[in-house]
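Content type mmCIF, C-alpha atoms, from the file start_37.cif:
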data_target
loop_
_atom_site.label_atom_id
_atom_site.label_comp_id
_atom_site.auth_asym_id
_atom_site.auth_seq_id
_atom_site.Cartn_x
_atom_site.Cartn_y
_atom_site.Cartn_z
CA MET N 36 42.12 3.99 -7.27
CA GLN N 37 40.47 3.52 -3.89
CA HIS N 38 39.61 6.50 -1.72
CA ARG N 39 41.68 6.08 1.46
CA ILE N 40 39.81 6.77 4.70
CA VAL N 41 41.74 6.61 7.96
CA VAL N 42 39.78 6.63 11.22
CA LEU N 43 41.78 7.45 14.35
CA GLY N 44 40.41 5.94 17.53
CA ALA N 45 37.95 3.08 18.02
CA GLY N 46 35.87 4.28 20.92
CA TYR N 47 32.11 4.65 20.56
CA THR N 48 32.43 7.27 17.82
CA GLY N 49 35.36 6.02 15.75
CA ALA N 50 34.11 2.45 15.65
CA VAL N 51 30.63 3.60 14.59
CA VAL N 52 32.05 5.80 11.81
CA ALA N 53 34.20 2.97 10.41
CA GLY N 54 31.38 0.44 10.43
CA ARG N 55 28.83 2.84 9.00
CA LEU N 56 31.13 3.93 6.16
CA ALA N 57 31.81 0.29 5.31
CA LYS N 58 28.07 -0.27 4.89
CA ARG N 59 27.43 3.00 3.03
CA LEU N 60 30.20 2.73 0.42
CA HIS N 61 31.18 0.08 -2.11
CA ARG N 62 34.13 -1.97 -0.91
CA GLU N 63 35.96 -1.73 -4.24
CA ASP N 64 35.95 2.07 -4.04
CA VAL N 65 37.24 2.74 -0.52
CA ALA N 66 39.98 1.50 1.78
CA ILE N 67 38.96 2.07 5.40
CA THR N 68 41.66 1.77 8.06
CA LEU N 69 40.76 1.94 11.75
CA VAL N 70 43.70 2.79 14.03
CA ASN N 71 43.50 1.92 17.71
CA PRO N 72 46.07 0.86 20.34
CA GLU N 73 43.88 -1.86 21.88
CA PRO N 74 42.37 -4.91 20.14
CA ASP N 75 39.07 -4.78 22.06
CA PHE N 76 36.32 -2.21 22.30
CA VAL N 77 36.35 -0.45 25.66
CA GLU N 78 32.94 0.30 27.18
CA ARG N 79 33.99 3.58 28.73
CA VAL N 80 30.64 4.06 30.42
CA ARG N 81 31.34 0.92 32.47
CA LEU N 82 34.88 1.66 33.64
CA HIS N 83 33.69 2.39 37.17
CA GLN N 84 32.46 -1.21 37.24
CA LEU N 85 35.82 -2.49 36.02
CA ALA N 86 37.55 -0.46 38.73
CA VAL N 87 35.70 -2.21 41.54
CA GLY N 88 36.48 -5.72 40.30
CA GLN N 89 33.67 -6.54 37.89
CA ASP N 90 34.63 -8.22 34.62
CA LEU N 91 33.34 -6.73 31.40
CA THR N 92 32.32 -8.67 28.30
CA PRO N 93 35.22 -8.90 25.81
CA ARG N 94 34.39 -7.27 22.46
CA PRO N 95 37.27 -7.97 20.00
CA PHE N 96 37.35 -5.61 17.03
CA ARG N 97 38.40 -8.37 14.66
CA GLU N 98 35.12 -10.12 15.38
CA MET N 99 33.09 -6.92 15.26
CA PHE N 100 34.48 -5.91 11.86
CA ALA N 101 34.83 -9.36 10.33
CA GLY N 102 33.59 -9.32 6.75
CA THR N 103 33.12 -5.54 6.61
CA GLY N 104 36.31 -4.66 4.78
CA VAL N 105 37.50 -2.42 7.62
CA ALA N 106 41.24 -2.95 8.21
CA LEU N 107 42.21 -2.75 11.89
CA LYS N 108 45.69 -1.40 12.64
CA LEU N 109 46.80 -1.86 16.24
CA ALA N 110 48.96 1.18 16.78
CA LYS N 111 49.32 4.40 18.72
CA VAL N 112 48.96 7.69 16.88
CA THR N 113 52.04 9.84 17.43
CA ALA N 114 51.51 12.65 14.90
CA VAL N 115 49.07 13.99 12.34
CA ASP N 116 50.11 16.21 9.43
CA VAL N 117 46.93 17.59 7.89
CA ASP N 118 48.86 19.52 5.25
CA ARG N 119 50.76 16.47 3.97
CA LYS N 120 47.70 14.30 4.72
CA THR N 121 49.63 11.72 6.69
CA VAL N 122 49.31 10.06 10.10
CA THR N 123 52.34 8.70 11.94
CA VAL N 124 51.69 5.63 14.07
CA THR N 125 53.78 3.30 16.22
CA ALA N 126 52.81 -0.37 16.37
CA THR N 127 51.70 -1.54 19.81
CA SER N 128 53.67 -4.77 19.35
CA GLY N 129 57.01 -3.08 18.70
CA PRO N 130 58.95 0.08 17.89
CA GLU N 131 58.03 0.14 14.21
CA ARG N 132 56.84 3.51 12.94
CA GLU N 133 54.73 4.00 9.85
CA ASP N 134 53.23 6.90 7.94
CA LEU N 135 49.68 6.33 6.74
CA GLU N 136 48.51 8.44 3.84
CA TYR N 137 44.85 9.38 3.61
CA ASP N 138 42.40 11.09 1.32
CA THR N 139 39.94 11.65 4.18
CA LEU N 140 40.75 11.56 7.88
CA VAL N 141 38.23 10.94 10.65
CA TYR N 142 39.66 12.12 13.95
CA ALA N 143 38.06 10.32 16.90
CA LEU N 144 40.86 10.18 19.47
CA GLY N 145 38.51 11.33 22.20
CA SER N 146 39.63 12.51 25.61
CA GLY N 147 41.41 11.45 28.76
CA TRP N 148 41.41 12.62 32.30
CA ASN N 149 42.06 16.25 33.15
CA ASP N 150 44.17 17.06 36.19
CA GLY N 151 43.08 20.69 35.97
CA GLY N 152 46.59 21.80 36.88
CA VAL N 153 45.94 20.88 40.52
CA PRO N 154 49.16 20.03 42.37
CA GLY N 155 49.59 16.37 43.23
CA VAL N 156 46.89 14.96 40.97
CA THR N 157 49.16 13.22 38.47
CA GLU N 158 51.40 11.89 41.24
CA HIS N 159 48.81 10.67 43.72
CA ALA N 160 45.34 10.39 42.17
CA HIS N 161 43.71 7.60 40.15
CA ASP N 162 41.56 8.01 37.05
CA ILE N 163 38.86 5.97 35.33
CA ALA N 164 38.94 7.84 32.02
CA GLY N 165 40.47 4.81 30.29
CA ARG N 166 40.94 1.09 30.82
CA PRO N 167 44.57 1.30 32.05
CA GLY N 168 43.58 3.77 34.77
CA ALA N 169 40.55 1.73 35.80
CA LEU N 170 42.70 -1.41 36.09
CA ARG N 171 45.28 0.41 38.22
CA LEU N 172 42.51 1.60 40.54
CA ARG N 173 41.09 -1.92 40.64
CA GLU N 174 44.41 -3.28 41.88
CA ARG N 175 44.75 -0.52 44.46
CA LEU N 176 41.26 -0.98 45.86
CA ALA N 177 41.76 -4.74 46.06
CA ARG N 178 44.76 -4.17 48.34
CA LEU N 179 42.99 -1.62 50.52
CA GLU N 180 42.19 -2.74 54.05
CA ALA N 181 38.81 -2.25 55.67
CA GLY N 182 38.12 1.18 57.14
CA ARG N 183 40.56 3.02 54.92
CA PRO N 184 39.44 6.36 53.41
CA VAL N 185 38.69 6.77 49.71
CA VAL N 186 37.84 10.19 48.27
CA VAL N 187 36.22 10.66 44.86
CA VAL N 188 36.77 14.20 43.57
CA GLY N 189 34.13 15.50 41.17
CA GLY N 190 30.36 15.58 41.36
CA GLY N 191 29.50 14.98 37.71
CA LEU N 192 28.13 11.76 36.27
CA THR N 193 31.49 9.96 36.43
CA GLY N 194 32.12 10.99 40.02
CA LEU N 195 28.66 9.93 41.17
CA GLU N 196 28.95 6.56 39.47
CA ALA N 197 32.44 5.93 40.83
CA ALA N 198 31.60 6.87 44.41
CA THR N 199 28.41 4.83 44.58
CA GLU N 200 29.96 1.81 42.85
CA ILE N 201 32.91 1.77 45.26
CA ALA N 202 30.67 2.25 48.30
CA GLU N 203 28.28 -0.53 47.26
CA THR N 204 31.04 -3.00 46.38
CA ARG N 205 33.23 -2.17 49.37
CA PRO N 206 30.94 -1.14 52.25
CA ASP N 207 33.90 -1.70 54.57
CA LEU N 208 35.67 1.38 53.20
CA ASP N 209 35.18 4.99 54.28
CA VAL N 210 34.05 6.57 51.00
CA ALA N 211 33.72 10.34 50.57
CA LEU N 212 32.73 12.55 47.64
CA ALA N 213 34.12 16.07 47.20
CA VAL N 214 32.08 18.31 44.88
CA ARG N 215 32.70 21.88 43.77
CA GLY N 216 29.08 22.96 44.16
CA GLY N 217 26.05 21.30 45.71
CA LEU N 218 25.39 17.58 45.33
CA GLY N 219 23.58 17.11 42.02
CA ASP N 220 22.87 20.82 41.75
CA TRP N 221 22.06 20.54 38.03
CA LEU N 222 19.31 17.96 38.64
CA SER N 223 15.61 18.38 39.30
CA ASP N 224 14.30 18.46 42.87
CA LYS N 225 13.09 14.85 42.63
CA SER N 226 16.43 13.65 41.29
CA ARG N 227 18.46 15.52 43.89
CA ALA N 228 16.35 14.04 46.68
CA HIS N 229 16.81 10.52 45.35
CA LEU N 230 20.53 11.02 44.88
CA ARG N 231 20.86 12.26 48.45
CA LYS N 232 18.88 9.27 49.71
CA VAL N 233 21.08 6.73 47.91
CA VAL N 234 24.31 8.43 48.95
CA ASP N 235 23.19 8.46 52.58
CA GLU N 236 22.14 4.80 52.46
CA LEU N 237 25.55 3.83 51.07
CA GLY N 238 27.28 5.72 53.86
CA ILE N 239 29.08 8.16 51.55
CA THR N 240 30.26 11.37 53.20
CA VAL N 241 29.64 14.34 50.89
CA HIS N 242 31.81 17.45 51.05
CA GLU N 243 29.86 20.12 49.18
CA HIS N 244 31.26 23.42 47.91
CA ALA N 245 34.67 21.82 48.32
CA ALA N 246 36.85 22.51 45.29
CA VAL N 247 40.01 20.45 45.73
CA THR N 248 43.17 22.52 45.37
CA ALA N 249 45.84 19.93 46.20
CA VAL N 250 46.24 16.17 46.39
CA ALA N 251 48.75 14.41 48.63
CA ALA N 252 49.47 10.71 49.15
CA ASP N 253 47.15 10.57 52.17
CA ALA N 254 44.77 13.53 51.86
CA VAL N 255 43.18 16.19 49.69
CA THR N 256 42.97 19.89 50.49
CA THR N 257 39.99 22.07 49.59
CA ALA N 258 39.85 25.75 48.69
CA ASP N 259 38.39 26.67 52.08
CA GLY N 260 41.28 25.02 53.90
CA ARG N 261 39.71 21.68 54.77
CA THR N 262 41.89 18.57 54.81
CA VAL N 263 40.13 15.32 53.94
CA ARG N 264 41.94 12.05 54.58
CA ALA N 265 42.34 9.91 51.47
CA GLU N 266 44.43 6.80 51.20
CA VAL N 267 43.05 6.54 47.65
CA THR N 268 41.95 9.58 45.63
CA VAL N 269 39.89 9.12 42.46
CA TRP N 270 39.95 12.21 40.22
CA THR N 271 36.86 12.69 38.01
CA THR N 272 36.56 16.45 37.55
CA GLY N 273 36.35 16.42 33.77
CA PHE N 274 38.04 15.38 30.54
CA ALA N 275 40.82 16.84 28.41
CA VAL N 276 41.01 16.19 24.68
CA HIS N 277 43.81 14.13 23.17
CA PRO N 278 46.76 16.50 22.55
CA ILE N 279 47.67 15.33 19.03
CA ALA N 280 45.40 17.87 17.30
CA GLY N 281 47.15 20.69 19.13
CA ALA N 282 50.29 20.13 17.06
CA THR N 283 48.45 20.47 13.73
CA THR N 284 47.25 23.43 11.68
CA LEU N 285 43.61 22.50 12.27
CA GLU N 286 41.41 25.25 13.68
CA LEU N 287 40.90 24.46 17.35
CA THR N 288 39.09 25.89 20.34
CA ASP N 289 41.01 27.07 23.39
CA SER N 290 40.39 23.63 24.92
CA GLY N 291 41.99 21.87 21.94
CA GLN N 292 38.82 20.59 20.29
CA ILE N 293 38.60 20.62 16.50
CA VAL N 294 36.09 23.19 15.24
CA VAL N 295 33.61 21.49 12.89
CA ASP N 296 30.54 22.44 10.89
CA ALA N 297 27.09 20.86 11.17
CA THR N 298 28.30 17.77 9.26
CA MET N 299 31.34 17.25 11.57
CA ARG N 300 33.78 18.44 8.89
CA SER N 301 36.69 20.61 9.96
CA VAL N 302 36.07 24.28 9.14
CA SER N 303 39.74 24.70 8.20
CA HIS N 304 40.50 21.39 6.47
CA PRO N 305 37.54 19.90 4.55
CA ASP N 306 39.26 16.51 4.16
CA VAL N 307 39.20 16.07 7.96
CA TYR N 308 36.16 15.10 10.02
CA ALA N 309 36.13 15.08 13.82
CA VAL N 310 33.65 13.36 16.11
CA GLY N 311 33.03 12.78 19.79
CA ASP N 312 34.99 14.51 22.53
CA ALA N 313 37.63 15.63 20.01
CA ALA N 314 35.21 17.94 18.20
CA MET N 315 33.52 21.20 19.05
CA ALA N 316 30.06 21.00 17.55
CA THR N 317 26.87 22.79 18.50
CA GLY N 318 23.43 21.43 19.28
CA PRO N 319 20.03 23.04 19.85
CA GLY N 320 20.19 26.77 20.40
CA GLY N 321 23.82 26.88 19.29
CA LYS N 322 24.91 25.39 22.62
CA PRO N 323 28.17 23.38 22.47
CA LEU N 324 27.63 19.65 22.78
CA ARG N 325 29.06 18.19 25.97
CA MET N 326 31.60 15.39 26.00
CA SER N 327 29.45 12.30 26.25
CA CYS N 328 28.35 9.14 24.49
CA ALA N 329 24.95 10.78 24.05
CA SER N 330 26.56 13.46 21.86
CA GLY N 331 29.28 11.38 20.27
CA VAL N 332 27.25 8.62 18.63
CA PRO N 333 24.90 10.98 16.70
CA MET N 334 27.99 12.97 15.69
CA ALA N 335 29.46 9.74 14.31
CA TRP N 336 26.29 9.00 12.35
CA GLN N 337 26.36 12.50 10.90
CA ALA N 338 30.03 12.39 9.93
CA ALA N 339 29.80 8.96 8.28
CA ASP N 340 26.64 9.78 6.35
CA ALA N 341 27.92 13.18 5.23
CA LEU N 342 31.24 11.77 4.06
CA ALA N 343 29.54 8.91 2.23
CA ALA N 344 27.15 11.32 0.52
CA ARG N 345 29.93 13.64 -0.59
CA LEU N 346 31.95 10.77 -2.00
CA ALA N 347 28.90 9.44 -3.81
CA GLY N 348 27.87 12.87 -5.07
CA THR N 349 24.47 12.76 -3.38
CA LYS N 350 22.63 15.14 -1.09
CA VAL N 351 24.17 15.62 2.35
CA ARG N 352 21.50 15.23 4.99
CA ARG N 353 21.56 16.67 8.48
CA ILE N 354 21.00 14.43 11.50
CA PRO N 355 19.48 16.41 14.38
CA ILE N 356 21.56 16.07 17.51
CA ARG N 357 19.69 16.66 20.75
CA TYR N 358 19.50 15.33 24.29
CA PHE N 359 16.75 13.29 25.89
CA GLN N 360 18.10 12.15 29.24
CA GLN N 361 21.07 11.84 31.55
CA CYS N 362 21.54 8.29 32.79
CA VAL N 363 23.37 7.65 36.07
CA SER N 364 24.05 4.29 37.66
CA LEU N 365 24.21 4.48 41.46
CA GLY N 366 25.68 1.05 42.08
CA ARG N 367 24.12 -2.09 40.63
CA LYS N 368 20.77 -1.79 42.41
CA GLU N 369 19.97 1.91 42.07
CA GLY N 370 19.87 4.37 39.22
CA LEU N 371 18.74 7.81 38.17
CA ILE N 372 17.36 8.83 34.78
CA GLN N 373 17.03 12.59 34.56
CA PHE N 374 15.00 13.65 31.54
CA VAL N 375 16.21 16.86 29.91
CA THR N 376 15.34 19.41 27.26
CA ALA N 377 16.85 19.23 23.79
CA ASP N 378 19.71 21.46 24.99
CA ASP N 379 20.36 19.32 28.10
CA ARG N 380 18.54 21.22 30.87
CA ALA N 381 16.84 19.13 33.56
CA VAL N 382 13.05 18.94 33.61
CA ASP N 383 10.77 17.69 36.39
CA ARG N 384 10.47 14.16 34.99
CA ALA N 385 12.83 11.46 36.27
CA LEU N 386 13.05 7.73 36.89
CA THR N 387 14.62 6.45 40.09
CA GLY N 388 15.37 3.24 41.94
CA ARG N 389 15.53 -0.24 40.48
CA VAL N 390 13.62 0.73 37.33
CA ALA N 391 16.21 3.39 36.60
CA ALA N 392 19.03 0.90 37.18
CA VAL N 393 17.52 -1.49 34.62
CA TYR N 394 16.95 1.42 32.21
CA LYS N 395 20.60 2.50 32.49
CA GLU N 396 21.78 -1.07 31.94
CA LEU N 397 19.72 -1.28 28.76
CA ILE N 398 21.21 2.03 27.58
CA CYS N 399 24.75 0.69 28.15
CA LYS N 400 23.99 -2.57 26.36
CA GLY N 401 22.35 -0.66 23.53
CA ALA N 402 25.38 1.58 23.09
CA ALA N 403 27.72 -1.42 22.88
CA TRP N 404 25.36 -3.20 20.48
CA GLY N 405 25.24 -0.07 18.33
CA VAL N 406 29.04 -0.09 18.01
CA ALA N 407 29.02 -3.74 16.98
CA ASN N 408 26.08 -3.15 14.61
CA PRO N 409 26.56 0.42 13.33
CA THR N 410 24.47 -0.10 10.22
CA ALA N 411 21.39 -1.73 11.74
CA GLY N 412 18.36 -0.55 9.82
CA LEU N 413 20.38 0.94 6.96
CA PRO N 414 19.74 -0.11 3.35
CA SER N 415 22.06 -2.92 2.25
CA ARG N 416 22.91 -1.17 -1.04
CA ARG N 417 26.37 0.41 -1.03
CA ARG N 418 27.00 3.57 -3.02
CA ARG N 419 29.74 3.90 -5.60
CA VAL N 420 32.32 6.64 -5.17
CA VAL N 421 32.22 9.13 -8.03
CA ARG N 422 35.23 10.91 -9.44
CA GLN N 423 35.68 14.50 -8.32
CA ALA N 424 33.29 13.66 -5.49
CA THR N 425 34.16 16.76 -3.49
CA ARG N 426 33.06 19.10 -6.27
CA ILE N 427 29.93 17.08 -7.08
CA GLY N 428 29.03 16.79 -3.42
CA ALA N 429 29.48 20.52 -2.94
CA ARG N 430 27.06 21.26 -5.80
CA ALA N 431 24.48 18.84 -4.39
CA GLU N 432 24.89 20.37 -0.95
CA ALA N 433 24.51 23.90 -2.24
CA ALA N 434 21.35 22.96 -4.11
CA ALA N 435 19.78 21.32 -1.03
#
As structure tokens:
Amino acid sequence: MQHRIVVLGAGYTGAVVAGRLAKRLHREDVAITLVNPEPDFVERVRLHQLAVGQDLTPRPFREMFAGTGVALKLAKVTAVDVDRKTVTVTATSGPEREDLEYDTLVYALGSGWNDGGVPGVTEHAHDIAGRPGALRLRERLARLEAGRPVVVVGGGLTGLEAATEIAETRPDLDVALAVRGGLGDWLSDKSRAHLRKVVDELGITVHEHAAVTAVAADAVTTADGRTVRAEVTVWTTGFAVHPIAGATTLELTDSGQIVVDATMRSVSHPDVYAVGDAAMATGPGGKPLRMSCASGVPMAWQAADALAARLAGTKVRRIPIRYFQQCVSLGRKEGLIQFVTADDRAVDRALTGRVAAVYKELICKGAAWGVANPTAGLPSRRRRVVRQATRIGARAEAAA
């Protein structure tokens, strides 16, 4: 009987896990099902480009996983029962519901935008946390007349990329950026100076120390009482995890992330693995990993390799997860590469300007290539699944 592995979500992490497991394990021994509502891979790190009218390269999953043995199920996950070991899905092409049974579940549903409980956000603001939101913003910006005000709320990487991309593509608009603290206050001195230079050159008005407390159809209001005109508001203050896990008996953090061990296995349900934004894992110094592609892809490698090893009864190896850089595109011509410590603190070294823009583009292309080729460099030999793999794998792990 085949070991049934169901992977929920085909973002950077879920797609990598599915492809890597297919290469690690013998096809006769496992049935790998990848559940996702869309037929194409979404390059989330490029959604700010999609929002301003740029077309992204189509990456159909059926082409990416052709010949791997991974079965793609186009459906939306509506429930997970980790005690019955079932997943309820609804087909994207119709109302049909189906219960998928699994032996091992990989939860990679990721995150969406977070309104932070701020009044008016869901009614009036736009998001670029997913392709539907980016396409809605694209349509809205295309209809916007010259001189109209656009406010991007949030000074993190997503906010910086959105504001600069909009300002570069539509220099006829009045673009503003509202940030809770100082502009780029987590960056090095060199990086902050370059960021300020680019923002000024693009004509972006920056409202610093301006936490937004309300969003209306034509303005945002800040905590200190300021009113900033906004015919379009783009909300980028952070991400919230997919809510499905919150209805399960999995051990979660207060934010709804699944608590996992160093191999990305749930601490409460060992037949469940969680990767990417959906999981709470720790990196160097015991510091929680931030929601990012930089964290998610190594988490996916670790989960796939650990699961494959346990099923094959071999030693479970640890993949060190650390940070090297934060990559920020500032439009198509400018960029910023902030080098960081292993636990993600900025150091003095940074790349700026055109070189940084090219560097960031290579990082984006490399991430997409890695999803399409998750087993590059891995041995071609697939392992056989052993009976009572959990018990055998546990003994091998304990002896390591």
Starting from the shown file, work through the PyMOL selection byres ((chain N and resi 192-208) around 10) and note down what comes out as a count of residues only.
-> 58
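Atom CA of Asp289 of chain N is found 11.4 Å from atom CA of Ala275 of chain N.
Residue selection for this entry, given the PyMOL selection byres ((chain N and resi 66) around 6), comprises Arg39, Val65 and Ile67 of chain N.
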Taking the file above as input, evaluate the PyMOL selection byres ((chain N and resi 247) around 8) and report the hits as a VMD selection string.
-> chain N and resid 153 188 213 215 245 to 246 248 to 250 255 to 258
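Closest to Val124 of chain N among N:Thr92, N:Ser301, N:Asn71, N:Gln37 is N:Asn71, based on only C-alpha atoms.
Rounded to one decimal, atom CA of Val390 of chain N and atom CA of Ala403 of chain N lie 20.3 Å from each other.
Distances here use only C-alpha atoms; by that measure, the residue among N:Thr103, N:Asp220, N:Tyr308, N:Pro72 closest to Leu60 of chain N is N:Thr103.
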Point-to-point distance from atom CA of His242 of chain N to atom CA of Leu371 of chain N, Å rounded to tenths | 20.7 Å
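Between Glu286 of chain N and the candidates N:Ala110, N:Gly165, N:Ala339, N:Val117, the tightest atom-to-atom separation, counting all atoms listed in the file, involves N:Val117.
For Gly49 of chain N, the set of protein, DNA and RNA residues having any atom at most 10 Å away, when counting all atoms listed in the file and skipping those fewer than 5 positions along the same chain, is Val42, Leu43, Gly44, Gly54, Arg55, Leu69, Val70, Asn71, Val141, Tyr142, Ala143, Leu144, Gly145, Ala309, Val310, Gly311, Gly331, Val332, Ala335, Ala339 and Val406 of chain N.
The closest residue to Ser146 of chain N, picked from N:Leu91, N:Val307, N:Ala160, N:Ala314 and counting only C-alpha atoms, is N:Ala314.
Taking only C-alpha atoms into account, Arg59 of chain N lies nearest to N:Trp336 out of the set N:Tyr47, N:Trp221, N:Trp148, N:Trp336.
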Nearest to Thr298 of chain N by atom-to-atom distance, counting all atoms listed in the file, from N:Glu78, N:Asp340, N:Asp259, N:Glu266 | N:Asp340
Test item: which residues lie within 9 Å of (48.5, 12.7, 6.3) counting all atoms listed in the file, as a ChimeraX atom specification | /N:115-123,134-140
